[in-house]
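Trainee: Input file: upload-v1.cif. Contents: mmCIF, C-alpha atoms.
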```cif
data_work
loop_
_atom_site.label_atom_id
_atom_site.label_comp_id
_atom_site.auth_asym_id
_atom_site.auth_seq_id
_atom_site.Cartn_x
_atom_site.Cartn_y
_atom_site.Cartn_z
CA MET A 17 -13.83 71.89 24.98
CA ASP A 18 -16.16 71.61 27.95
CA TYR A 19 -18.17 68.83 26.38
CA ILE A 20 -17.44 65.37 25.12
CA ALA A 21 -19.81 63.60 22.73
CA ARG A 22 -20.71 59.98 22.08
CA LYS A 23 -22.91 58.25 19.55
CA ILE A 24 -25.85 56.49 21.22
CA ASN A 25 -29.35 55.31 20.36
CA GLN A 26 -31.72 57.23 22.58
CA ALA A 27 -34.52 54.69 22.08
CA ARG A 28 -32.61 52.49 24.53
CA TRP A 29 -32.49 55.34 27.05
CA THR A 30 -36.13 56.34 26.94
CA LEU A 31 -38.41 54.94 29.61
CA ALA A 32 -39.35 51.29 29.18
CA PRO A 33 -42.92 50.48 28.06
CA TYR A 34 -43.45 48.31 31.14
CA GLY A 35 -43.33 51.29 33.48
CA GLU A 36 -39.82 50.87 34.88
CA GLU A 37 -38.38 54.31 35.60
CA GLY A 38 -34.77 53.23 35.99
CA ILE A 39 -32.30 53.01 33.14
CA ARG A 40 -33.03 50.03 30.94
CA ALA A 41 -30.33 47.37 30.89
CA ASP A 42 -30.44 47.55 27.07
CA ALA A 43 -29.04 51.07 27.36
CA LEU A 44 -25.70 49.56 28.34
CA ASN A 45 -25.44 48.34 24.74
CA CYS A 46 -24.48 51.96 24.01
CA LEU A 47 -21.69 51.72 26.59
CA ARG A 48 -20.00 48.48 25.56
CA THR A 49 -16.34 48.77 26.45
CA THR A 50 -13.27 47.14 24.98
CA SER A 51 -10.25 46.99 27.28
CA ASP A 52 -12.23 49.09 29.79
CA THR A 53 -12.24 51.93 27.26
CA LEU A 54 -14.99 54.03 25.66
CA SER A 55 -14.61 56.28 22.67
CA PHE A 56 -15.70 59.96 22.74
CA TRP A 57 -15.17 63.07 20.65
CA GLU A 58 -14.29 66.46 22.06
CA CYS A 59 -17.03 68.82 21.02
CA HIS A 60 -16.09 72.18 19.51
CA GLY A 61 -19.25 72.24 17.43
CA ILE A 62 -21.92 69.58 17.11
CA GLU A 63 -21.68 69.37 13.32
CA ASP A 64 -17.98 68.58 13.52
CA VAL A 65 -18.77 65.68 15.84
CA VAL A 66 -21.42 64.40 13.41
CA LEU A 67 -18.84 64.60 10.65
CA ALA A 68 -16.22 62.80 12.72
CA VAL A 69 -18.61 59.97 13.62
CA ALA A 70 -20.11 59.69 10.12
CA GLY A 71 -16.63 59.58 8.63
CA GLY A 72 -16.02 56.26 10.39
CA LEU A 73 -19.33 54.50 9.67
CA ASP A 74 -19.79 51.46 7.42
CA SER A 75 -23.03 52.92 6.10
CA VAL A 76 -24.92 56.17 6.55
CA GLN A 77 -27.56 55.60 9.23
CA ALA A 78 -29.35 57.98 11.56
CA PHE A 79 -27.76 58.29 14.97
CA ASP A 80 -27.98 60.29 18.18
CA LEU A 81 -25.22 62.29 19.81
CA VAL A 82 -25.21 62.97 23.50
CA LEU A 83 -23.03 65.69 25.01
CA LEU A 84 -21.62 65.31 28.51
CA ARG A 85 -19.69 67.84 30.56
CA LYS A 86 -16.08 66.80 30.93
CA GLU A 87 -15.90 68.17 34.45
CA HIS A 88 -18.44 65.59 35.62
CA PHE A 89 -15.80 62.88 35.27
CA PRO A 90 -12.68 64.33 36.89
CA ASP A 91 -11.53 60.93 38.15
CA VAL A 92 -11.78 59.24 34.76
CA ARG A 93 -8.58 58.94 32.77
CA GLN A 94 -8.95 60.68 29.39
CA VAL A 95 -6.42 59.86 26.71
CA SER A 96 -6.14 61.56 23.34
CA THR A 97 -5.99 58.95 20.57
CA PRO A 98 -6.31 59.36 16.79
CA GLY A 99 -9.96 58.96 15.77
CA GLN A 100 -10.91 56.57 12.99
CA THR A 101 -12.66 58.94 10.65
CA ALA A 102 -12.37 60.13 7.10
CA ALA A 103 -12.46 63.71 8.39
CA VAL A 104 -8.69 64.04 8.76
CA ASP A 105 -8.78 67.46 10.48
CA LEU A 106 -10.94 66.02 13.26
CA ARG A 107 -8.88 62.94 14.08
CA ASP A 108 -7.04 64.66 16.92
CA ARG A 109 -10.32 65.51 18.65
CA HIS A 110 -10.88 61.91 19.60
CA ILE A 111 -10.42 60.83 23.18
CA ASP A 112 -10.72 57.54 24.99
CA LEU A 113 -12.04 57.27 28.52
CA THR A 114 -9.82 54.53 29.84
CA GLN A 115 -9.44 52.31 32.91
CA LEU A 116 -13.20 52.44 33.36
CA ASN A 117 -14.88 50.40 36.05
CA THR A 118 -18.53 49.63 36.63
CA ASP A 119 -18.94 52.65 38.91
CA HIS A 120 -17.76 54.90 36.08
CA ILE A 121 -20.15 53.20 33.67
CA GLN A 122 -23.01 53.67 36.11
CA ARG A 123 -22.25 57.40 36.38
CA LEU A 124 -21.92 57.74 32.62
CA ALA A 125 -25.22 55.92 32.19
CA ARG A 126 -26.95 58.22 34.67
CA ALA A 127 -25.50 61.30 32.96
CA ILE A 128 -26.71 60.11 29.53
CA ALA A 129 -30.15 59.15 30.83
CA ASP A 130 -30.52 62.58 32.44
CA GLN A 131 -29.75 64.24 29.10
CA VAL A 132 -32.16 62.02 27.16
CA ARG A 133 -34.98 62.52 29.64
CA ALA A 134 -34.52 66.25 30.24
CA GLU A 135 -36.80 68.55 28.26
CA GLN A 136 -33.85 70.54 26.97
CA GLY A 137 -31.32 67.71 27.14
CA ARG A 138 -28.09 67.81 25.18
CA VAL A 139 -28.96 64.93 22.90
CA ARG A 140 -29.88 65.19 19.27
CA ARG A 141 -30.84 62.86 16.43
CA PHE A 142 -29.30 63.28 13.00
CA THR A 143 -31.17 61.79 10.07
CA LYS A 144 -29.56 60.12 7.10
CA SER A 145 -30.27 63.11 4.90
CA LYS A 146 -28.67 65.50 7.41
CA ILE A 147 -25.59 63.29 7.69
CA LYS A 148 -25.28 62.99 3.92
CA SER A 149 -25.59 66.73 3.60
CA LEU A 150 -22.83 67.36 6.16
CA LEU A 151 -20.58 64.80 4.48
CA SER A 152 -21.26 66.29 1.09
CA ARG A 153 -20.33 69.77 2.30
CA ALA A 154 -17.15 68.45 3.93
CA ILE A 155 -16.19 66.76 0.65
CA GLN A 156 -16.75 70.00 -1.26
CA GLU A 157 -14.65 71.89 1.28
CA GLY A 158 -11.86 69.34 0.97
CA ARG A 159 -12.14 68.21 4.57
CA VAL A 160 -13.05 64.65 3.58
CA GLU A 161 -11.58 62.62 0.74
CA VAL A 162 -14.23 60.41 -0.83
CA GLU A 163 -11.81 57.49 -1.11
CA ASN A 164 -11.32 57.55 2.66
CA LEU A 165 -15.00 56.78 3.21
CA ARG A 166 -16.22 53.19 3.56
CA PRO A 167 -17.68 51.75 0.32
CA HIS A 168 -21.34 51.94 1.35
CA VAL A 169 -20.89 55.55 2.45
CA ARG A 170 -18.82 56.47 -0.59
CA LYS A 171 -21.57 55.32 -2.96
CA HIS A 172 -23.72 58.31 -1.96
CA PHE A 173 -21.12 60.71 -3.29
CA VAL A 174 -19.85 59.11 -6.48
CA SER A 175 -21.64 57.83 -9.52
CA VAL A 176 -20.13 54.66 -10.84
CA GLU A 177 -21.43 52.00 -13.14
CA VAL A 178 -21.81 48.60 -11.55
CA ALA A 179 -23.20 45.30 -12.78
CA CYS A 180 -27.00 45.32 -12.75
CA ASN A 181 -28.23 43.71 -9.53
CA ARG A 182 -31.18 42.08 -11.30
CA CYS A 183 -29.52 40.41 -14.27
CA HIS A 184 -26.01 40.45 -12.74
CA GLY A 185 -24.47 41.99 -15.83
CA THR A 186 -25.95 39.66 -18.42
CA GLY A 187 -28.16 42.39 -19.85
CA GLU A 188 -31.22 40.15 -19.85
CA CYS A 189 -33.55 42.43 -17.94
CA PRO A 190 -35.39 45.67 -18.67
CA SER A 191 -34.20 47.54 -15.57
CA CYS A 192 -30.73 48.16 -16.99
CA GLY A 193 -32.03 48.64 -20.52
CA GLY A 194 -30.27 45.49 -21.64
CA SER A 195 -26.82 46.93 -21.00
CA GLY A 196 -26.04 44.84 -17.92
CA TRP A 197 -24.84 47.97 -16.09
CA ILE A 198 -26.53 50.45 -13.84
CA VAL A 199 -25.39 53.69 -12.25
CA ALA A 200 -24.87 53.20 -8.52
CA MET B 13 -65.92 35.15 7.87
CA ALA B 14 -65.52 34.86 4.13
CA ILE B 15 -63.43 38.01 4.20
CA VAL B 16 -61.05 36.43 6.63
CA ALA B 17 -60.74 33.31 4.52
CA ASP B 18 -59.88 35.43 1.51
CA SER B 19 -57.39 37.31 3.56
CA VAL B 20 -55.68 34.17 4.74
CA ARG B 21 -55.51 32.80 1.22
CA THR B 22 -54.16 36.05 -0.12
CA HIS B 23 -51.28 35.95 2.30
CA ALA B 24 -50.68 32.35 1.41
CA LEU B 25 -50.34 33.22 -2.24
CA ASP B 26 -47.74 35.89 -1.81
CA THR B 27 -44.95 33.39 -1.53
CA ALA B 28 -43.96 30.10 -3.10
CA PRO B 29 -46.88 27.65 -3.18
CA ASN B 30 -45.10 24.97 -1.19
CA PHE B 31 -44.12 27.29 1.60
CA PRO B 32 -45.67 26.73 5.01
CA LEU B 33 -48.86 28.58 5.42
CA LEU B 34 -48.76 29.47 9.07
CA LEU B 35 -46.10 32.12 8.82
CA LEU B 36 -48.20 33.95 6.29
CA VAL B 37 -51.17 34.32 8.52
CA ARG B 38 -51.00 37.88 9.68
CA LYS B 39 -52.61 38.94 12.88
CA GLU B 40 -54.65 41.60 11.13
CA ALA B 41 -56.37 38.89 9.18
CA PHE B 42 -57.96 37.80 12.39
CA GLU B 43 -58.80 41.14 13.79
CA GLU B 44 -61.77 41.24 11.49
CA VAL B 45 -63.04 38.08 13.13
CA LYS B 46 -62.64 39.66 16.50
CA LEU B 47 -64.46 42.75 15.33
CA LYS B 48 -67.26 40.73 13.85
CA SER B 49 -67.64 38.69 16.98
CA THR B 50 -68.26 41.84 18.96
CA TYR B 51 -71.43 42.39 16.98
CA ALA B 52 -72.83 39.04 17.92
CA VAL B 53 -74.38 38.60 21.32
CA ASP B 54 -73.66 35.03 22.27
CA SER B 55 -75.33 33.21 25.09
CA ASP B 56 -73.12 31.74 27.82
CA GLU B 57 -73.81 28.33 26.42
CA GLU B 58 -72.66 29.33 22.94
CA GLN B 59 -69.50 30.86 24.36
CA GLU B 60 -68.78 27.70 26.32
CA THR B 61 -69.29 25.57 23.23
CA ARG B 62 -66.91 27.82 21.27
CA ARG B 63 -64.26 27.60 23.98
CA ASN B 64 -64.49 23.81 23.97
CA ARG B 65 -64.20 23.65 20.22
CA ARG B 66 -61.10 25.83 20.33
CA LEU B 67 -59.56 23.57 22.90
CA GLU B 68 -60.25 20.48 20.80
CA VAL B 69 -58.73 22.07 17.76
CA TYR B 70 -55.68 23.17 19.68
CA LYS B 71 -55.17 19.65 21.03
CA SER B 72 -55.47 18.08 17.60
CA LEU B 73 -53.13 20.64 16.10
CA HIS B 74 -50.63 20.10 18.82
CA GLN B 75 -50.54 16.40 17.97
CA SER B 76 -50.61 16.71 14.22
CA TRP B 77 -47.96 19.42 14.06
CA ASP B 78 -45.60 17.78 16.46
CA LEU B 79 -45.01 21.09 18.18
CA HIS B 80 -42.17 21.41 20.60
CA ASP B 81 -42.14 23.37 23.81
CA ASN B 82 -40.01 26.13 22.37
CA ASP B 83 -41.56 26.13 18.95
CA TRP B 84 -42.51 29.67 18.03
CA SER B 85 -45.69 28.51 16.37
CA ASN B 86 -46.83 27.02 19.64
CA GLU B 87 -46.74 30.43 21.22
CA PHE B 88 -48.26 31.98 18.16
CA LEU B 89 -51.14 29.54 18.26
CA LEU B 90 -51.85 30.16 21.89
CA ASN B 91 -51.43 33.89 22.05
CA GLY B 92 -52.04 35.16 18.60
CA VAL B 93 -54.69 33.14 16.96
CA LEU B 94 -56.75 30.74 18.99
CA HIS B 95 -58.42 33.45 20.94
CA GLU B 96 -59.46 35.20 17.80
CA ILE B 97 -60.62 32.61 15.37
CA GLU B 98 -63.15 29.90 14.82
CA PRO B 99 -61.72 26.37 14.73
CA ASP B 100 -63.02 25.71 11.22
CA TRP B 101 -60.34 27.95 9.80
CA TRP B 102 -57.57 25.72 10.95
CA VAL B 103 -58.08 23.45 7.98
CA LEU B 104 -56.24 26.16 6.06
CA LEU B 105 -53.25 26.04 8.32
CA HIS B 106 -52.01 22.48 8.14
CA ALA B 107 -48.42 22.87 7.18
CA ARG B 108 -45.00 22.48 8.63
CA ILE B 109 -42.20 24.99 8.76
CA ASN B 110 -39.63 24.51 6.03
CA PRO B 111 -36.40 23.27 7.76
CA GLU B 112 -34.25 25.71 5.80
CA ALA B 113 -36.46 28.59 6.88
CA GLN B 114 -36.30 27.36 10.43
CA GLN B 115 -32.49 27.20 10.35
CA PHE B 116 -32.38 30.73 8.96
CA GLY B 117 -34.54 31.90 11.84
CA TYR B 118 -32.41 30.20 14.47
CA SER B 119 -29.22 31.65 12.98
CA LEU B 120 -30.61 35.17 12.73
CA ILE B 121 -31.89 35.17 16.30
CA GLU B 122 -28.60 33.79 17.57
CA LEU B 123 -26.60 36.50 15.79
CA LEU B 124 -28.87 39.28 17.05
CA THR B 125 -28.85 37.95 20.58
CA MET B 126 -25.06 37.70 20.68
CA GLN B 127 -24.45 41.23 19.47
CA PRO B 128 -26.84 44.19 19.27
CA VAL B 129 -26.93 46.27 16.10
CA ASP B 130 -24.73 49.36 16.36
CA GLU B 131 -26.33 51.72 13.89
CA GLY B 132 -24.05 52.50 10.97
CA TYR B 133 -21.79 49.52 11.55
CA GLU B 134 -22.27 46.29 9.66
CA HIS B 135 -23.84 43.48 11.70
CA PRO B 136 -23.51 39.73 10.97
CA GLY B 137 -27.33 39.49 10.93
CA GLU B 138 -27.36 41.99 8.10
CA GLN B 139 -24.95 39.78 6.14
CA LEU B 140 -27.17 36.73 6.76
CA ILE B 141 -30.27 38.58 5.56
CA ALA B 142 -28.46 40.03 2.55
CA GLY B 143 -27.09 36.59 1.61
CA SER B 144 -30.53 34.98 1.84
CA LEU B 145 -32.14 37.69 -0.23
CA ARG B 146 -29.41 37.24 -2.83
CA SER B 147 -29.56 33.45 -3.01
CA LYS B 148 -33.34 33.02 -2.57
CA PRO B 149 -34.91 36.31 -3.57
CA SER B 150 -38.40 34.90 -4.00
CA ILE B 151 -38.65 33.18 -0.65
CA ALA B 152 -36.24 34.91 1.74
CA PRO B 153 -38.63 37.81 2.48
CA ALA B 154 -41.11 35.24 3.80
CA TRP B 155 -38.42 33.72 6.01
CA ILE B 156 -37.56 37.11 7.43
CA ARG B 157 -41.23 37.90 7.90
CA ARG B 158 -41.71 34.66 9.84
CA VAL B 159 -38.89 35.45 12.26
CA TYR B 160 -40.11 39.00 12.66
CA LEU B 161 -43.71 37.95 13.36
CA GLU B 162 -42.49 35.39 15.85
CA LYS B 163 -40.64 38.04 17.83
CA GLU B 164 -42.95 41.01 17.33
CA SER B 165 -44.95 40.31 20.49
CA SER B 166 -42.70 37.93 22.42
CA ASN B 167 -39.47 39.93 22.05
CA PRO B 168 -40.16 43.27 20.36
CA VAL B 169 -36.62 44.57 20.96
CA LEU B 170 -35.26 41.66 18.94
CA ALA B 171 -37.89 42.31 16.26
CA GLY B 172 -36.53 45.86 16.19
CA GLU B 173 -33.02 44.53 15.68
CA ILE B 174 -34.30 42.61 12.64
CA LEU B 175 -35.75 45.84 11.26
CA LYS B 176 -32.47 47.66 11.91
CA CYS B 177 -30.61 45.02 9.90
CA ILE B 178 -33.11 45.47 7.07
CA SER B 179 -32.69 49.24 7.21
CA GLN B 180 -28.91 48.87 6.90
CA LEU B 181 -28.91 46.56 3.86
CA ALA B 182 -26.85 47.93 0.99
CA SER B 183 -29.64 47.26 -1.48
CA LEU B 184 -33.16 45.87 -1.55
CA ASP B 185 -34.74 44.97 -4.87
CA ASP B 186 -38.33 44.99 -3.69
CA PRO B 187 -38.69 46.98 -0.48
CA GLU B 188 -42.47 46.67 -0.17
CA TRP B 189 -42.38 43.63 2.14
CA ALA B 190 -39.92 45.44 4.40
CA ILE B 191 -42.12 48.52 4.53
CA MET B 192 -45.13 46.37 5.39
CA LEU B 193 -43.23 44.82 8.30
CA ALA B 194 -42.10 48.26 9.45
CA SER B 195 -45.66 49.57 9.31
CA ARG B 196 -46.58 46.90 11.87
CA GLY B 197 -43.62 47.90 14.03
CA LEU B 198 -44.91 51.46 14.24
CA ASP B 199 -47.81 50.18 16.35
CA SER B 200 -45.65 48.42 18.93
CA PRO B 201 -45.70 49.53 22.57
CA GLU B 202 -41.91 49.01 22.55
CA ILE B 203 -40.10 52.22 21.61
CA GLN B 204 -37.03 50.38 20.31
CA LEU B 205 -39.22 48.60 17.77
CA ARG B 206 -41.05 51.77 16.75
CA GLU B 207 -37.75 53.58 16.28
CA ALA B 208 -36.33 50.75 14.19
CA ALA B 209 -39.49 50.78 12.08
CA VAL B 210 -38.97 54.45 11.22
CA ARG B 211 -35.42 53.55 10.17
CA VAL B 212 -36.81 51.10 7.57
CA PHE B 213 -38.99 53.86 6.14
CA GLU B 214 -36.00 56.19 6.10
CA SER B 215 -33.91 53.67 4.15
CA TRP B 216 -36.48 52.07 1.84
CA GLY B 217 -39.61 54.20 1.91
CA ASN B 218 -40.83 56.57 -0.73
CA LYS B 219 -43.56 59.12 -1.12
CA SER B 220 -46.30 56.52 -1.57
CA PHE B 221 -45.56 55.02 1.86
CA SER B 222 -44.99 58.28 3.70
CA HIS B 223 -48.56 58.51 5.04
CA PHE B 224 -47.66 55.77 7.53
CA LEU B 225 -45.10 58.12 9.05
CA ASP B 226 -47.43 61.09 9.04
CA ASP B 227 -50.03 59.14 11.00
CA PHE B 228 -47.36 57.77 13.29
CA ALA B 229 -45.83 61.18 14.04
CA ASN B 230 -49.26 62.52 15.01
CA ARG B 231 -49.91 59.79 17.55
CA GLU B 232 -46.36 59.19 18.88
CA THR B 233 -46.01 60.47 22.45
CA ILE B 234 -42.20 60.44 22.63
CA SER B 235 -41.35 63.84 21.17
CA TRP B 236 -37.91 63.10 19.69
CA LEU B 237 -39.26 60.01 17.94
CA ALA B 238 -42.23 61.94 16.56
CA ASP B 239 -39.79 64.61 15.31
CA TYR B 240 -37.62 61.95 13.71
CA ALA B 241 -40.65 60.48 11.91
CA ARG B 242 -41.63 63.97 10.71
CA ASP B 243 -38.11 64.60 9.40
CA VAL B 244 -38.14 61.30 7.51
CA PHE B 245 -41.65 62.07 6.22
CA GLU B 246 -40.36 65.36 4.82
CA ASP B 247 -37.32 63.67 3.28
CA LEU B 248 -39.55 61.11 1.55
CA ASN B 249 -41.75 63.84 0.16
CA GLU B 250 -38.95 66.01 -1.19
#
```
Would you mind giving the structure from this file in structure tokens?
Mentor:
Amino acid sequence: MDYIARKINQARWTLAPYGEEGIRADALNCLRTTSDTLSFWECHGIEDVVLAVAGGLDSVQAFDLVLLRKEHFPDVRQVSTPGQTAAVDLRDRHIDLTQLNTDHIQRLARAIADQVRAEQGRVRRFTKSKIKSLLSRAIQEGRVEVENLRPHVRKHFVSVEVACNRCHGTGECPSCGGSGWIVA
Amino acid sequence: MAIVADSVRTHALDTAPNFPLLLLVRKEAFEEVKLKSTYAVDSDEEQETRRNRRLEVYKSLHQSWDLHDNDWSNEFLLNGVLHEIEPDWWVLLHARINPEAQQFGYSLIELLTMQPVDEGYEHPGEQLIAGSLRSKPSIAPAWIRRVYLEKESSNPVLAGEILKCISQLASLDDPEWAIMLASRGLDSPEIQLREAAVRVFESWGNKSFSHFLDDFANRETISWLADYARDVFEDLNE
């Protein structure tokens, strides 16, 4: 448990096209706090973190995970809180960094930027197909219940018949073969 | 020149006939003009005459279109087109922006400015786009394209946010227009726009569009983004 992980978008952390070498202000969009708190996952294995994050998404989209050493933030209050994820066995690995101030955010930002810009940085992108594959395996292993996933994530793992999105169920189009229903 | 005229008309035809023409004029349509002009060796006098004609046309357009200071088309005219094109072509472009399309654009930009897209979480801009595509499927892609083209050069990060919203839509009946927008985004100097463009391919692309990503991955200098494009390319070709 030396590392904590957070979902970011590393495009915001890469050097700006206008030659500015500092951290882009847009990068702070990945560090938007609520009640001076930021959400992280304790990292036992990177795939578990992917699963924990993906299990709370509204839709499956590619994302980046950055790993930071816990010991770099000894003065930051870390509180264990239940994570909002469909992966029930991972919920207790969620922690909040609380009572953050702008100095903390600046240090977090520097730590993330260093990881993104290092040649062997601890940041990695997970594609949609990789995320779906991890979710699918977790479902097969019983770690994730399909009904706990958000609807647009769930649709990748169940086949249900829904009203045709072209004719809206009237059956007046060729794409649903005149039935008015399609498999989603 | 005839090729350009055809090109302009072609873009005009790909939406409803009463829709304003300007938003359909893609920058590439004019690049041919620029290319052609490089073959011609103009005298200083000819160049001066051309500059004056452009200025006259711009002034007349400014009056006839009732452009406002913040009107996107004003910027588009100045930066995107007038430097590239002969004044005669402007006869094709007399049109006004549909007020409903304009309102859609204002709303979308406002939503994206207020709150950035957090990948994987639903964004209000996504709902606006989805609602427009549902209620006006034939014309909404042109509205979205207009807003995107407006921001592509002036605010490429915001253009990237538009592409992210498109990539996160739950469904898209005809993804070709979205892929075409994304293919433009791949050429942006702004990494956030290039990354968002790859996301559109990942969500809505298929094998027939994957060559865009192959080319992109070979020229992209940011290694993780090139790797991402390669991964998506492989997924599309599976």
Trainee: Counting all atoms listed in the file, which residues from chain A have an atom at most 10 Å from any atom of chain B, and could you show them as a PyMOL selection string?
Mentor: chain A and resi 23-34+42+45-46+69-70+72-80+132+135+139-146+167-169+171+181-182
Trainee: State, in Å with one decimal place, the distance from CA of Gly194 (chain A) to CA of Ser147 (chain B).
Mentor: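 Taking CA of Gly194 (chain A) and CA of Ser147 (chain B), their separation equals 22.2 Å.
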Trainee: Name the residues captured by the PyMOL selection byres ((chain B and resi 174) around 9) when it is applied to the shown file; answer as a list in words.
Mentor: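 In the shown coordinates, the PyMOL selection byres ((chain B and resi 174) around 9) covers Leu120, Ile121, Leu124, Val129, Gly137, Glu138, Ile156, Val159, Tyr160, Val169, Leu170, Ala171, Gly172, Glu173, Leu175, Lys176, Cys177, Ile178, Ser179 and Ala208 of chain B.
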Trainee: Written as a ChimeraX atom specification, which residues does the PyMOL selection byres ((chain A and resi 47) around 12) give for the file shown?
Mentor: /A:22-25,28-29,41-46,48-50,52-56,113,116-118,120-126,128 /B:128,130
Trainee: Can you give me, as a ChimeraX atom specification, the residues this file yields under the PyMOL selection byres ((chain B and resi 189) around 12)?
Mentor: /B:23,26-27,149-158,160,175,178,184-188,190-196,212-213,216-217,221
